[in-house]
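Chemist: Handing you this structure, nothing more for now.
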Amino acid sequence: MNLSNVKHKWHLVDPSPWPFFGSIAALFITIGAALYFHFYEKGGNLLILGLVSLIIVLSFWWRDVIREGVFLEKHTTQVTRGFRLGMILFIISEIMFFFAFFWAFFHSALAPTPAIGCVWPPLGIETFDYFAIPLLNTIILLTSGATITLAHYFLLSNNRKLAIIAFFSTICLAIFFTALQLFEYKTASFSINDSVYGSTFFMATGFHGFHVIIGTIFIIVSFFRFINYHFSLEKHFGFEAAAWYWHFVDVVWLFLYIVIYFWGGK
């Protein structure tokens, strides 16, 4: 039976080399990171090689996916429905990921042990002023959530000029947020080695910052795809996925601000 002549609503993915090369790049990253953390001389070089390789592989991989969806029109309604379900499940898995950090924080904050002086924050920890950079970053991130929503609205309204402005504003706000977060880390009076507070603080906020960077890249890619007319009024799930992810990042930050900076930092 010749499957090429069968008409159906599914996308049977063509053979691709990128999963194999992506796994090799991931292996380089894993080994390189382990060697680097144990102070081996060439560990950092292998880690960088893996990261660069992964970026190259993903660029070609995503290029093929965009080509299949936009130019070959293989992303049917049924396929897009699968994408939506996959994105929803991915965001749920990310929620579980951050839930672990909040669990660790509450575990130590609600019942401080004698090892940290039976108080929270632990003795010797000078926390951040939640009315300073953390509050400013909260305003910036919530504003970026509003601008990405406006970009979606203008896309649906077929107003390219205002959509481009909203897109660009979101990217600028995201970069500004990351810059302020880096400045906050540079000026912190404690490090990740300073008791369980330092560990949970930098793990939770650091991984959130990493997600902000990923989300920023996601939006930048969507922005250039919009500029190149890859999105239509009916088909623009690539942008919707970026917006969903960005709103997830917003909500996580709200919990981080309330729990770690406001409640846990008093």
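Starting from 1 in every chain, residues are counted up; chains themselves are A, B, ... following the order of the structure tokens, and ligands are numbered from 1 as listed.
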Within 7 Å of Phe154 (chain A), counting only C-alpha atoms, which residues qualify if same-chain residues fewer than 6 places away don't, as a ChimeraX atom specification?
Modeler: /A:160,162-163
Chemist: When distances are computed from only C-alpha atoms, which of A:Ile95, A:Ala34, A:Leu58, A:Ala242 shows the smallest separation from Pro19 (chain A)?
Modeler: A:Leu58
Chemist: At what distance in Å, to one decimal, does CA of Pro122 (chain A) lie from CA of Glu184 (chain A)?
Modeler: 19.6 Å
Chemist: Which one is closest to Thr216 (chain A): A:Ala132, A:Leu47, A:Ala104, A:Ile171? Count only C-alpha atoms.
Modeler: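 Nearest to Thr216 (chain A): A:Ile171.
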Chemist: Could you tell me, as a ChimeraX atom specification, which residues of region 6-197 of chain A DSSP assigns to helix (DSSP H, G or I) when given the backbone?
Modeler: /A:18-37,43-71,77-109,114-116,133-156,160-186,195-197
Chemist: Restricting the calculation to only C-alpha atoms: of A:Phe202, A:Tyr245, A:Trp253, A:Phe239, which residue gets closest to Ser222 (chain A)?
Modeler: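 Among the listed residues, A:Phe239 lies closest to Ser222 (chain A).
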Chemist: Please provide as a list of chain:residue names all residues within 8 Å of Ile165 (chain A), with the sequence filter that same-chain residues fewer than 4 positions apart are discarded (counting only C-alpha atoms).
Modeler: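 Using only C-alpha atoms, the neighbours found are A:Ala151, A:Lys161, A:Ser169.
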Chemist: CA of Phe207 (chain A) and CA of Val119 (chain A), how far apart in Å?
Modeler: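 Pair CA of Val119 (chain A) / CA of Phe207 (chain A) returns 25.7 Å.
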Chemist: Write out as an MDAnalysis selection string the residues lying within 9 Å of Thr149 (chain A), counting only C-alpha atoms and excluding same-chain residues fewer than 5 positions away.
Modeler: chainID A and resid 144 154 166 243
Chemist: With a distance cut-off of 7 Å and only C-alpha atoms, select the neighbouring residues of region 21-32 of chain A, excluding the residue or stretch itself and same-chain residues fewer than 3 positions from it, and output the selection as a ChimeraX atom specification.
Modeler: /A:17-18,35-36,43-44,46-47,50-51,53-54,57
Chemist: Grab the CA of Met203 (chain A) to CA of Glu41 (chain A) distance for me, in Å with one decimal place.
Modeler: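 Taking CA of Met203 (chain A) and CA of Glu41 (chain A), their separation equals 25.9 Å.
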Chemist: Kindly indicate which residue among A:Ser59, A:Ser191, A:Ser16, A:Thr80 lies nearest to Gly206 (chain A), using only C-alpha atoms for the distances.
Modeler: A:Ser191
Chemist: Considering only C-alpha atoms, can you say which of A:Gly215, A:Gly145, A:Gly198, A:Pro114 comes closest to Thr178 (chain A)?
Modeler: A:Gly215
Chemist: Which residues, written as a PyMOL selection string, have at least one atom at most 10 Å from Phe177 (chain A), with only C-alpha atoms counted and residues fewer than 5 positions away on the same chain left out?
Modeler: chain A and resi 133-134+136-141+144+171-172+182-183+209+212-213
